[in-house]
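Text of structure12.txt (compact mmCIF, C-alpha atoms) as supplied:
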# COMPACT_ATOMS: atom_id res chain seq x y z
CA MET A 1160 0.00 0.00 0.00
CA LEU A 1161 1.48 3.33 -1.04
CA ASN A 1162 1.82 6.13 1.46
CA LYS A 1163 3.67 9.44 1.48
CA ASP A 1164 7.11 8.04 2.31
CA LYS A 1165 6.85 5.20 -0.19
CA CYS A 1166 5.71 7.66 -2.88
CA TYR A 1167 8.73 9.84 -2.20
CA GLN A 1168 10.95 6.76 -2.48
CA VAL A 1169 9.40 5.83 -5.84
CA ILE A 1170 9.80 9.39 -7.09
CA ASP A 1171 13.47 9.49 -6.05
CA LYS A 1172 14.25 6.17 -7.73
CA ILE A 1173 12.78 7.39 -11.02
CA LEU A 1174 14.55 10.75 -10.81
CA GLU A 1175 17.92 9.04 -10.20
CA GLN A 1176 17.66 7.60 -13.70
CA ALA A 1177 16.48 10.80 -15.42
CA ARG A 1178 18.63 12.49 -18.10
CA TYR A 1179 16.41 15.59 -18.41
CA PHE A 1180 14.41 17.71 -16.02
CA THR A 1181 11.57 15.45 -14.84
CA LEU A 1182 8.39 15.83 -12.81
CA ILE A 1183 6.72 12.79 -11.26
CA LYS A 1184 3.09 12.85 -10.10
CA ILE A 1185 1.51 9.89 -8.30
CA ASN A 1186 -2.25 9.95 -7.96
CA VAL A 1187 -4.13 7.41 -5.83
CA GLU A 1188 -7.94 7.32 -6.00
CA GLU A 1189 -10.29 5.04 -4.07
CA GLU A 1190 -14.06 5.27 -4.31
CA GLY A 1191 -16.83 3.45 -2.49
CA LEU A 1192 -20.02 4.21 -4.41
CA THR A 1193 -23.62 3.40 -3.51
CA ARG A 1194 -26.22 4.11 -6.18
CA PHE A 1195 -29.98 3.98 -5.67
CA ALA A 1196 -33.05 4.30 -7.91
CA ASN A 1197 -36.76 3.59 -7.50
CA SER A 1198 -36.10 3.91 -3.75
CA GLU A 1199 -33.81 0.86 -3.78
CA ILE A 1200 -30.04 0.44 -3.67
CA HIS A 1201 -29.10 -1.18 -6.96
CA GLN A 1202 -25.32 -0.85 -7.02
CA ASN A 1203 -22.56 -0.91 -4.44
CA VAL A 1204 -19.08 -0.78 -5.96
CA TYR A 1205 -15.50 -0.11 -4.97
CA SER A 1206 -12.73 1.10 -7.28
CA ASN A 1207 -9.03 1.74 -6.72
CA ASN A 1208 -6.74 3.35 -9.25
CA THR A 1209 -3.11 4.44 -9.00
CA THR A 1210 -1.55 6.43 -11.83
CA VAL A 1211 2.03 7.60 -12.22
CA ASN A 1212 2.49 10.55 -14.58
CA ILE A 1213 6.00 11.32 -15.82
CA THR A 1214 6.74 14.65 -17.50
CA VAL A 1215 10.13 15.16 -19.16
CA ILE A 1216 11.24 18.67 -20.18
CA ASP A 1217 14.19 19.67 -22.33
CA GLY A 1218 14.20 23.43 -22.92
CA LYS A 1219 11.20 24.10 -25.15
CA LYS A 1220 10.35 20.42 -25.57
CA ILE A 1221 8.02 18.42 -23.34
CA CYS A 1222 6.87 14.80 -23.29
CA LYS A 1223 4.39 13.09 -20.97
CA VAL A 1224 3.72 9.43 -20.27
CA SER A 1225 1.35 7.76 -17.80
CA THR A 1226 1.28 4.25 -16.42
CA ASN A 1227 -0.62 2.09 -13.95
CA LEU A 1228 2.27 -0.38 -13.74
CA LEU A 1229 3.99 0.27 -10.42
CA GLU A 1230 6.97 -2.11 -10.51
CA GLU A 1231 10.27 -0.25 -10.48
CA ASP A 1232 11.48 -1.58 -13.83
CA GLU A 1233 8.16 -0.65 -15.49
CA LEU A 1234 8.40 2.90 -14.13
CA ILE A 1235 11.97 3.25 -15.38
CA ASN A 1236 10.85 1.93 -18.78
CA ALA A 1237 8.16 4.61 -18.86
CA LEU A 1238 10.77 7.27 -18.10
CA LYS A 1239 13.07 5.99 -20.86
CA GLU A 1240 10.17 5.96 -23.31
CA ALA A 1241 9.49 9.64 -22.59
CA GLU A 1242 13.19 10.48 -22.92
CA LEU A 1243 13.41 8.67 -26.25
CA ASN A 1244 10.28 10.38 -27.58
CA ILE A 1245 11.37 13.88 -26.57
CA GLU A 1246 14.38 13.72 -28.90
CA PHE A 1247 12.05 13.63 -31.90
CA LEU A 1248 9.60 16.30 -30.77
CA PRO A 1249 9.59 19.88 -32.17
CA GLU A 1250 10.32 22.82 -29.91
CA GLY A 1251 7.41 24.81 -28.51
CA GLU A 1252 7.00 28.58 -28.31
CA TYR A 1253 8.47 29.06 -24.83
CA GLU A 1254 10.85 27.48 -22.33
CA PHE A 1255 9.09 25.80 -19.43
CA SER A 1256 9.70 27.02 -15.91
CA SER A 1257 9.74 24.80 -12.85
CA PRO A 1258 9.51 25.41 -9.09
CA ILE A 1259 12.63 25.29 -6.95
CA GLU A 1260 11.10 26.35 -3.62
CA PRO A 1261 9.75 25.74 -1.12
CA LEU A 1262 11.24 22.26 -1.09
CA PHE A 1263 8.26 20.77 0.77
CA LEU A 1264 4.54 21.57 0.60
CA GLU A 1265 2.42 19.03 2.43
CA ASP A 1266 -1.12 18.95 3.76
CA GLU A 1267 -1.88 15.81 5.72
CA GLY A 1268 -4.73 14.70 7.92
CA ILE A 1269 -8.29 13.78 7.06
CA ASP A 1270 -11.52 13.68 9.05
CA GLU A 1271 -11.56 10.06 10.20
CA GLY A 1272 -15.07 10.56 11.58
CA LEU A 1273 -16.32 11.32 8.08
CA LYS A 1274 -14.57 8.24 6.72
CA GLU A 1275 -16.18 5.98 9.31
CA ARG A 1276 -19.65 7.52 9.08
CA PHE A 1277 -19.84 6.81 5.35
CA SER A 1278 -18.70 3.19 5.33
CA ILE A 1279 -20.72 0.75 3.21
CA PRO A 1280 -23.19 -0.24 6.00
CA ASN A 1281 -23.66 3.36 7.08
CA ARG A 1282 -24.27 4.58 3.52
CA ALA A 1283 -26.98 1.94 3.15
CA LYS A 1284 -28.49 2.92 6.50
CA LEU A 1285 -28.66 6.62 5.56
CA ILE A 1286 -30.33 5.86 2.23
CA GLY A 1287 -32.77 3.57 4.02
CA GLN A 1288 -33.71 6.38 6.41
CA CYS A 1289 -34.49 8.61 3.44
CA VAL A 1290 -36.72 5.94 1.90
CA GLU A 1291 -38.55 5.39 5.19
CA ASN A 1292 -39.57 9.05 5.27
CA LEU A 1293 -41.23 8.96 1.85
CA GLU A 1294 -45.00 9.14 1.49
CA GLU A 1295 -46.83 7.01 -1.05
CA GLY A 1296 -46.30 8.20 -4.63
CA TYR A 1297 -42.73 9.43 -4.09
CA LYS A 1298 -39.46 7.73 -4.99
CA ILE A 1299 -35.82 8.72 -4.78
CA ALA A 1300 -32.73 8.19 -6.94
CA GLY A 1301 -29.13 9.30 -6.68
CA SER A 1302 -25.78 8.28 -5.24
CA LEU A 1303 -23.70 8.49 -2.08
CA SER A 1304 -19.94 7.98 -2.34
CA LEU A 1305 -16.84 8.06 -0.18
CA ASN A 1306 -13.69 9.14 -2.03
CA THR A 1307 -10.22 8.82 -0.52
CA GLY A 1308 -6.67 9.00 -1.83
CA PHE A 1309 -3.78 11.37 -2.23
CA VAL A 1310 -1.53 13.10 -4.74
CA ALA A 1311 2.27 13.20 -4.44
CA LEU A 1312 4.73 15.12 -6.63
CA GLY A 1313 8.48 15.47 -6.96
CA ASN A 1314 10.84 16.97 -9.51
CA SER A 1315 14.52 17.16 -10.44
CA ASN A 1316 14.94 20.31 -8.35
CA GLY A 1317 14.29 18.28 -5.21
CA ILE A 1318 10.80 19.56 -4.45
CA LYS A 1319 8.27 17.29 -2.78
CA ARG A 1320 4.50 17.78 -2.60
CA TYR A 1321 1.81 15.73 -0.84
CA LYS A 1322 -1.92 16.11 -0.21
CA ASP A 1323 -4.39 13.70 1.43
CA ILE A 1324 -7.85 13.66 -0.17
CA LEU A 1325 -11.16 12.71 1.44
CA THR A 1326 -14.59 13.75 0.18
CA VAL A 1327 -18.14 12.51 0.48
CA ASN A 1328 -20.50 13.22 -2.42
CA PHE A 1329 -24.27 12.94 -2.15
CA ASN A 1330 -26.94 13.74 -4.70
CA VAL A 1331 -30.61 12.90 -4.55
CA VAL A 1332 -33.68 13.57 -6.67
CA VAL A 1333 -37.13 13.02 -5.14
CA ILE A 1334 -39.78 12.33 -7.77
CA HIS A 1335 -43.57 12.16 -7.43
CA GLU A 1336 -45.51 9.88 -9.75
CA ASP A 1337 -47.08 12.92 -11.43
CA GLY A 1338 -43.61 14.21 -12.43
CA ALA A 1339 -42.89 16.81 -9.73
CA SER A 1340 -39.29 16.63 -8.50
CA GLY A 1341 -36.85 18.14 -6.06
CA TYR A 1342 -33.08 17.92 -5.94
CA GLY A 1343 -30.21 18.20 -3.46
CA GLU A 1344 -26.46 17.80 -3.81
CA VAL A 1345 -23.42 18.37 -1.63
CA THR A 1346 -19.68 17.64 -1.58
CA ALA A 1347 -17.92 17.76 1.79
CA SER A 1348 -14.59 16.92 3.39
CA LYS A 1349 -15.64 17.61 6.99
CA ASP A 1350 -18.15 15.67 9.04
CA GLU A 1351 -20.14 18.73 10.10
CA ASP A 1352 -20.72 19.71 6.46
CA MET A 1353 -22.42 16.46 5.44
CA ASP A 1354 -26.01 16.11 6.63
CA VAL A 1355 -27.58 13.60 4.26
CA LEU A 1356 -31.05 13.72 5.81
CA ALA A 1357 -31.16 17.53 5.67
CA ILE A 1358 -30.26 17.49 1.95
CA PHE A 1359 -32.88 14.79 1.34
CA ASN A 1360 -35.59 16.69 3.26
CA ARG A 1361 -34.90 19.84 1.28
CA ALA A 1362 -35.26 17.96 -2.00
CA TYR A 1363 -38.38 16.20 -0.70
CA GLU A 1364 -40.01 19.52 0.19
CA LYS A 1365 -39.31 20.82 -3.33
CA ALA A 1366 -41.02 17.76 -4.82
CA ARG A 1367 -44.06 18.30 -2.60
CA MET A 1368 -44.25 21.98 -3.52
CA GLY A 1369 -43.78 21.26 -7.23
CA ARG A 1370 -47.00 19.35 -7.93
CA LYS A 1371 -49.44 20.71 -10.53
CA PRO A 1372 -47.13 23.34 -12.02
CA ARG A 1373 -48.45 26.15 -14.22
CA SER A 1374 -47.17 27.17 -17.62
CA ILE A 1375 -46.01 30.78 -18.12
CA GLU A 1376 -44.89 32.61 -21.22
CA PRO A 1377 -41.25 33.37 -22.06
CA GLY A 1378 -39.97 36.89 -21.44
CA TYR A 1379 -37.80 38.89 -19.08
CA TYR A 1380 -38.28 37.86 -15.46
CA ASP A 1381 -36.67 38.73 -12.16
CA VAL A 1382 -35.23 35.46 -10.81
CA ILE A 1383 -34.11 34.33 -7.38
CA LEU A 1384 -31.41 31.71 -7.88
CA GLU A 1385 -30.67 29.16 -5.20
CA PRO A 1386 -26.97 28.27 -4.62
CA LEU A 1387 -27.01 25.31 -7.03
CA ALA A 1388 -28.24 27.59 -9.82
CA VAL A 1389 -25.77 30.35 -8.92
CA GLY A 1390 -23.04 27.72 -8.85
CA ASP A 1391 -23.97 26.60 -12.38
CA LEU A 1392 -23.50 30.15 -13.68
CA ILE A 1393 -20.24 30.65 -11.76
CA ASP A 1394 -18.93 27.34 -13.11
CA PHE A 1395 -19.43 28.49 -16.69
CA MET A 1396 -18.05 31.93 -15.84
CA ASN A 1397 -14.91 30.21 -14.57
CA PHE A 1398 -14.67 27.87 -17.56
CA THR A 1399 -15.34 30.48 -20.27
CA GLY A 1400 -14.08 33.65 -18.62
CA PHE A 1401 -11.25 33.06 -16.16
CA SER A 1402 -8.90 30.91 -18.24
CA ALA A 1403 -5.64 32.83 -18.75
CA GLU A 1404 -5.17 31.14 -22.10
CA ASP A 1405 -8.63 32.13 -23.35
CA LEU A 1406 -8.10 35.67 -22.06
CA ARG A 1407 -4.77 35.88 -23.91
CA GLU A 1408 -6.17 34.45 -27.15
CA GLY A 1409 -9.37 36.53 -27.09
CA PHE A 1410 -11.86 33.70 -26.55
CA SER A 1411 -13.01 34.91 -23.12
CA PHE A 1412 -15.86 37.40 -22.71
CA LEU A 1413 -13.48 39.20 -20.31
CA SER A 1414 -10.57 39.50 -22.75
CA GLY A 1415 -9.04 42.98 -22.65
CA LYS A 1416 -11.11 43.99 -19.62
CA ILE A 1417 -8.61 43.67 -16.73
CA GLY A 1418 -9.03 46.71 -14.52
CA GLU A 1419 -12.52 47.46 -15.84
CA LYS A 1420 -15.81 47.23 -14.00
CA VAL A 1421 -17.56 44.30 -15.65
CA PHE A 1422 -20.22 43.34 -13.06
CA ASN A 1423 -22.49 44.91 -10.47
CA ASP A 1424 -20.53 46.08 -7.42
CA LYS A 1425 -22.29 43.42 -5.32
CA ILE A 1426 -20.12 40.78 -7.02
CA THR A 1427 -16.79 39.75 -5.48
CA ILE A 1428 -15.17 36.47 -6.49
CA LYS A 1429 -11.96 35.07 -5.04
CA ASP A 1430 -9.94 31.91 -5.40
CA ASP A 1431 -8.86 31.26 -1.83
CA LEU A 1432 -7.37 27.93 -0.79
CA ASN A 1433 -7.10 29.19 2.79
CA HIS A 1434 -10.84 29.59 3.29
CA ASN A 1435 -12.36 27.05 5.69
CA ASP A 1436 -14.99 26.02 3.12
CA THR A 1437 -12.60 25.00 0.36
CA HIS A 1438 -10.79 21.77 -0.45
CA ARG A 1439 -7.26 22.90 0.33
CA ILE A 1440 -4.53 21.81 -2.12
CA PRO A 1441 -1.49 24.00 -1.41
CA PHE A 1442 0.25 23.33 -4.75
CA ASP A 1443 -0.62 22.93 -8.40
CA PHE A 1444 0.23 19.98 -10.65
CA GLU A 1445 3.45 21.56 -11.87
CA GLY A 1446 4.51 21.77 -8.22
CA PHE A 1447 4.20 25.53 -7.81
CA GLU A 1448 2.80 26.93 -4.58
CA ARG A 1449 -0.87 27.83 -4.95
CA LEU A 1450 -1.66 31.47 -4.07
CA PRO A 1451 -4.98 33.16 -3.16
CA VAL A 1452 -6.20 35.45 -5.95
CA THR A 1453 -8.95 38.09 -6.07
CA ILE A 1454 -10.56 37.82 -9.51
CA ILE A 1455 -13.56 40.15 -9.23
CA GLU A 1456 -13.66 42.86 -6.56
CA LYS A 1457 -16.91 44.82 -6.25
CA GLY A 1458 -17.55 44.23 -9.94
CA VAL A 1459 -14.04 45.12 -11.15
CA PHE A 1460 -12.10 42.44 -13.04
CA LYS A 1461 -8.80 42.41 -11.15
CA GLY A 1462 -7.10 39.55 -13.00
CA THR A 1463 -6.97 35.78 -13.13
CA VAL A 1464 -4.91 32.73 -12.17
CA TYR A 1465 -1.83 31.48 -14.04
CA ASP A 1466 0.21 28.40 -14.76
CA SER A 1467 3.86 28.49 -15.91
CA LYS A 1468 3.01 28.69 -19.63
CA ASN A 1469 0.60 31.58 -19.41
CA SER A 1470 2.59 33.44 -16.78
CA ILE A 1471 5.47 33.49 -19.27
CA LEU A 1472 3.38 34.41 -22.31
CA CYS A 1473 1.35 37.02 -20.41
CA ASN A 1474 4.31 38.32 -18.37
CA GLU A 1475 2.36 37.75 -15.15
CA LYS A 1476 3.18 36.11 -11.82
CA ASN A 1477 2.61 32.36 -11.68
CA THR A 1478 -0.19 31.87 -9.13
CA GLY A 1479 0.15 28.07 -8.92
CA HIS A 1480 -3.08 26.99 -10.61
CA SER A 1481 -1.85 24.58 -13.28
CA PHE A 1482 -3.63 21.34 -14.10
CA GLY A 1483 -0.28 20.02 -15.33
CA TYR A 1484 2.18 21.28 -17.91
CA GLY A 1485 0.08 22.36 -20.91
CA GLY A 1486 -3.16 21.62 -19.05
CA GLY A 1487 -4.18 25.23 -18.49
CA ALA A 1488 -5.02 27.09 -15.30
CA PHE A 1489 -8.38 27.54 -13.58
CA PRO A 1490 -9.51 28.62 -10.10
CA ILE A 1491 -10.51 25.58 -8.04
CA ASN A 1492 -11.39 27.27 -4.73
CA ILE A 1493 -14.06 29.78 -5.81
CA ILE A 1494 -15.51 31.91 -3.02
CA VAL A 1495 -18.31 34.35 -3.93
CA GLY A 1496 -18.78 37.23 -1.50
CA GLU A 1497 -21.87 37.35 0.68
CA GLY A 1498 -24.48 40.09 0.86
CA GLU A 1499 -26.54 41.60 3.68
CA GLU A 1500 -30.06 40.17 3.24
CA SER A 1501 -31.22 36.68 4.17
CA ILE A 1502 -32.95 34.59 1.53
CA LYS A 1503 -36.22 35.01 3.46
CA GLU A 1504 -35.80 38.80 3.26
CA ILE A 1505 -35.00 38.62 -0.46
CA ILE A 1506 -38.18 36.65 -1.13
CA LYS A 1507 -40.22 38.98 1.10
CA LYS A 1508 -38.96 42.05 -0.84
CA SER A 1509 -39.83 40.56 -4.24
CA LYS A 1510 -43.01 41.70 -5.91
CA LYS A 1511 -42.79 39.11 -8.68
CA ALA A 1512 -39.94 36.69 -9.39
CA LEU A 1513 -39.15 33.12 -10.33
CA LEU A 1514 -37.45 31.05 -7.63
CA ILE A 1515 -35.13 28.58 -9.40
CA THR A 1516 -33.52 25.53 -7.78
CA ARG A 1517 -30.91 24.66 -10.43
CA PHE A 1518 -30.12 24.48 -14.14
CA HIS A 1519 -29.19 21.58 -16.39
CA TYR A 1520 -28.22 20.93 -20.03
CA MET A 1521 -26.32 24.20 -19.91
CA ASN A 1522 -24.19 25.05 -22.92
CA VAL A 1523 -22.01 27.87 -24.17
CA VAL A 1524 -23.59 29.61 -27.17
CA ASP A 1525 -20.80 32.18 -27.65
CA SER A 1526 -17.79 32.28 -25.30
CA ARG A 1527 -16.72 35.73 -26.51
CA GLN A 1528 -20.05 37.14 -25.35
CA GLY A 1529 -20.38 34.87 -22.32
CA LEU A 1530 -23.71 33.75 -23.78
CA LEU A 1531 -25.20 30.66 -22.16
CA THR A 1532 -28.37 28.65 -22.51
CA GLY A 1533 -29.93 25.96 -20.35
CA LEU A 1534 -33.06 24.59 -18.70
CA THR A 1535 -34.44 24.86 -15.20
CA ARG A 1536 -34.90 21.64 -13.27
CA ASP A 1537 -36.29 20.15 -10.06
CA GLY A 1538 -38.22 23.12 -8.77
CA VAL A 1539 -39.31 26.47 -10.24
CA PHE A 1540 -41.77 28.58 -8.24
CA MET A 1541 -43.54 31.90 -8.74
CA VAL A 1542 -42.99 34.46 -5.99
CA GLU A 1543 -45.65 37.18 -5.76
CA ASN A 1544 -45.85 39.95 -3.18
CA GLY A 1545 -43.17 38.37 -1.02
CA GLU A 1546 -44.59 34.83 -0.94
CA ILE A 1547 -44.04 31.61 -2.87
CA LYS A 1548 -47.39 31.16 -4.62
CA TYR A 1549 -47.29 28.21 -7.04
CA PRO A 1550 -44.95 25.91 -9.02
CA VAL A 1551 -44.03 26.71 -12.62
CA LYS A 1552 -43.20 24.35 -15.47
CA ASN A 1553 -39.58 24.21 -16.55
CA MET A 1554 -38.24 27.01 -18.72
CA ARG A 1555 -35.28 27.64 -21.01
CA PHE A 1556 -33.03 30.65 -20.46
CA THR A 1557 -30.59 32.31 -22.86
CA GLU A 1558 -28.52 35.01 -21.21
CA THR A 1559 -25.06 36.56 -21.13
CA LEU A 1560 -23.02 36.45 -17.97
CA LEU A 1561 -22.31 40.17 -18.33
CA ASN A 1562 -26.02 41.02 -18.37
CA ALA A 1563 -26.89 38.61 -15.57
CA PHE A 1564 -24.21 39.75 -13.13
CA ASN A 1565 -24.79 43.42 -13.89
CA ASN A 1566 -28.46 43.00 -12.97
CA VAL A 1567 -27.93 41.54 -9.50
CA GLU A 1568 -30.29 43.22 -7.04
CA TYR A 1569 -29.60 41.14 -3.93
CA VAL A 1570 -26.91 38.73 -2.72
CA SER A 1571 -27.76 36.69 0.36
CA LYS A 1572 -25.75 36.56 3.54
CA GLU A 1573 -26.18 32.78 3.58
CA ARG A 1574 -23.71 30.84 1.45
CA GLU A 1575 -23.57 27.14 0.61
CA LYS A 1576 -20.87 24.84 -0.66
CA VAL A 1577 -21.96 23.36 -4.00
CA PRO A 1578 -20.23 20.95 -6.41
CA SER A 1579 -18.49 22.35 -9.49
CA PHE A 1580 -16.36 21.36 -12.48
CA PHE A 1581 -13.35 21.87 -10.19
CA VAL A 1582 -14.25 20.23 -6.84
CA SER A 1583 -16.60 22.76 -5.13
CA GLN A 1584 -17.38 26.43 -4.61
CA LEU A 1585 -18.97 28.58 -1.90
CA VAL A 1586 -21.84 30.67 -3.28
CA PRO A 1587 -24.85 32.66 -2.01
CA TYR A 1588 -28.43 33.00 -3.23
CA MET A 1589 -28.86 35.83 -5.76
CA LYS A 1590 -31.73 37.86 -7.12
CA ILE A 1591 -31.10 38.86 -10.75
CA ASN A 1592 -33.45 41.22 -12.56
CA ASN A 1593 -34.51 41.03 -16.22
CA PHE A 1594 -33.25 37.48 -16.75
CA HIS A 1595 -34.06 36.31 -20.27
CA ILE A 1596 -36.43 33.29 -20.33
CA THR A 1597 -36.57 32.20 -23.98
CA GLY A 1598 -38.70 29.06 -23.99
CA LYS A 1599 -41.08 26.88 -22.06
CA THR A 1600 -41.76 23.16 -21.69
CA GLU A 1601 -44.77 21.10 -20.76
CA VAL A 1602 -43.00 19.37 -17.86

How does this structure look as structure tokens?
Amino acid sequence: MLNKDKCYQVIDKILEQARYFTLIKINVEEEGLTRFANSEIHQNVYSNNTTVNITVIDGKKICKVSTNLLEEDELINALKEAELNIEFLPEGEYEFSSPIEPLFLEDEGIDEGLKERFSIPNRAKLIGQCVENLEEGYKIAGSLSLNTGFVALGNSNGIKRYKDILTVNFNVVVIHEDGASGYGEVTASKDEDMDVLAIFNRAYEKARMGRKPRSIEPGYYDVILEPLAVGDLIDFMNFTGFSAEDLREGFSFLSGKIGEKVFNDKITIKDDLNHNDTHRIPFDFEGFERLPVTIIEKGVFKGTVYDSKNSILCNEKNTGHSFGYGGGAFPINIIVGEGEESIKEIIKKSKKALLITRFHYMNVVDSRQGLLTGLTRDGVFMVENGEIKYPVKNMRFTETLLNAFNNVEYVSKEREKVPSFFVSQLVPYMKINNFHITGKTEV
């Protein structure tokens, strides 16, 4: 069984044989997954995967190989294969940089209580408790998983990196036989952040409230977005707007706008690995130290995160956000600033608005405009004169991120951790005015 010390030994043995600058990354992933549908557990599986990634760099040349074969001679063969291949590769447009300090960056220690509470028997018990609370006509589906592992890195400069990983992921949809549904999802690495029954009850209440929805016509509506829906928009903002490479090449809707006010002053977005509600990884996958970065401050686009490639090409400081040499850089610890009103106050102050649980089937229509489209799902409700009045059938939206986040009227003081493309993010509720609803469904 690999651990930190054994990983460092493996890394050192490979590096002793290296003729070029070399980075070794060892990634160990274990998952215990319980899936359920029709209110029954139908799958309980365990997977274990260990991957060794070897990156060889010679000036402006780079070659990568990966293997699941962990014997020493197989790892050395993989290194030699990369070294042989790099001799025939063309040079790139820049010379790669590599970290030389600090020599060690390590973050060890996981919540053992979380690990024990979500063992196979306990996962089954929690799902059973959800089923027992269902009334006739309702069923649930979803998954509950325990994910453990670690990542270890080392390079020819003598640096060593190590991070333990432990997360629990839970998602559930509650469905009534007439089609009404409610949804809940959470990713957590601390025991106090994972309340399965609370997430289930919230989804269950949405399904109860969602029966006999009404159809409304497309148009411009004020919308109150719950954290899952806000998280969907922030995810796509990150993916289409915050990439240093897309900003440099003009594909981002924020290209050329650093220093400009691009959003309502209620919007502040940071990438902060030191925040208590993030999954802390103190280094990136090139081995550079990860730094906190303010991206949007009171609506002003302050800048973005960088890997070694884009820090060189953009003449900016490397912030330690690489997904691996050539893999690009993205924020992975998104924190959206809170507001002053509670969600109850926001609803009470709304004369007419749509309360939206989440989006799905979201797609980028035009990245240069930040134009997105998608459908609502698992709970849309009409708010009138400060009260939730009735459920609404699902709608399609087509909106630009610039318009949406310039029309923010309220940001809640409550914030929730929601899953994202890149682990998770901490986001509030938001009320956005004049949100463009472009289509309707009959479900």

_My list of candidates is A:Ile1596, A:Leu1161, A:Ile1505, A:Ile1286. Which is closest to Glu1543 of chain A when distances are computed with all atoms listed in the file?_
A:Ile1505

*Write out as a PyMOL selection string the residues lying within 8 Å of Phe1444 of chain A, counting all atoms listed in the file and excluding same-chain residues fewer than 5 positions away.*
chain A and resi 1184+1312+1480-1484

*Find the residues near Gly1409 of chain A: any atom within 10 Å, counting only C-alpha atoms, skip ones fewer than 5 places away on the same chain, and give them as a PyMOL selection string.*
chain A and resi 1403-1404+1414-1415+1526-1527

Would you save the residues from that selection as a PDB file, in the coordinates of the input, using C-alpha atoms?
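Once everything was written out, this is selection-v3.pdb:
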ATOM      1  CA  ALA A1403      -5.640  32.830 -18.750  1.00  0.00           C
ATOM      2  CA  GLU A1404      -5.170  31.140 -22.100  1.00  0.00           C
ATOM      3  CA  SER A1414     -10.570  39.500 -22.750  1.00  0.00           C
ATOM      4  CA  GLY A1415      -9.040  42.980 -22.650  1.00  0.00           C
ATOM      5  CA  SER A1526     -17.790  32.280 -25.300  1.00  0.00           C
ATOM      6  CA  ARG A1527     -16.720  35.730 -26.510  1.00  0.00           C
TER       7      ARG A1527
END

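In this structure, atom CA of Ser1470 of chain A sits 28.4 Å away from atom CA of Tyr1167 of chain A.
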
*Excluding Pro1258 of chain A and any residue of its chain fewer than 4 positions from it, enumerate the residues within 12 Å of it, using all atoms listed in the file, and give them as a ChimeraX atom specification.*
/A:1180-1182,1262-1264,1312-1320,1442-1449,1466-1467,1477-1479
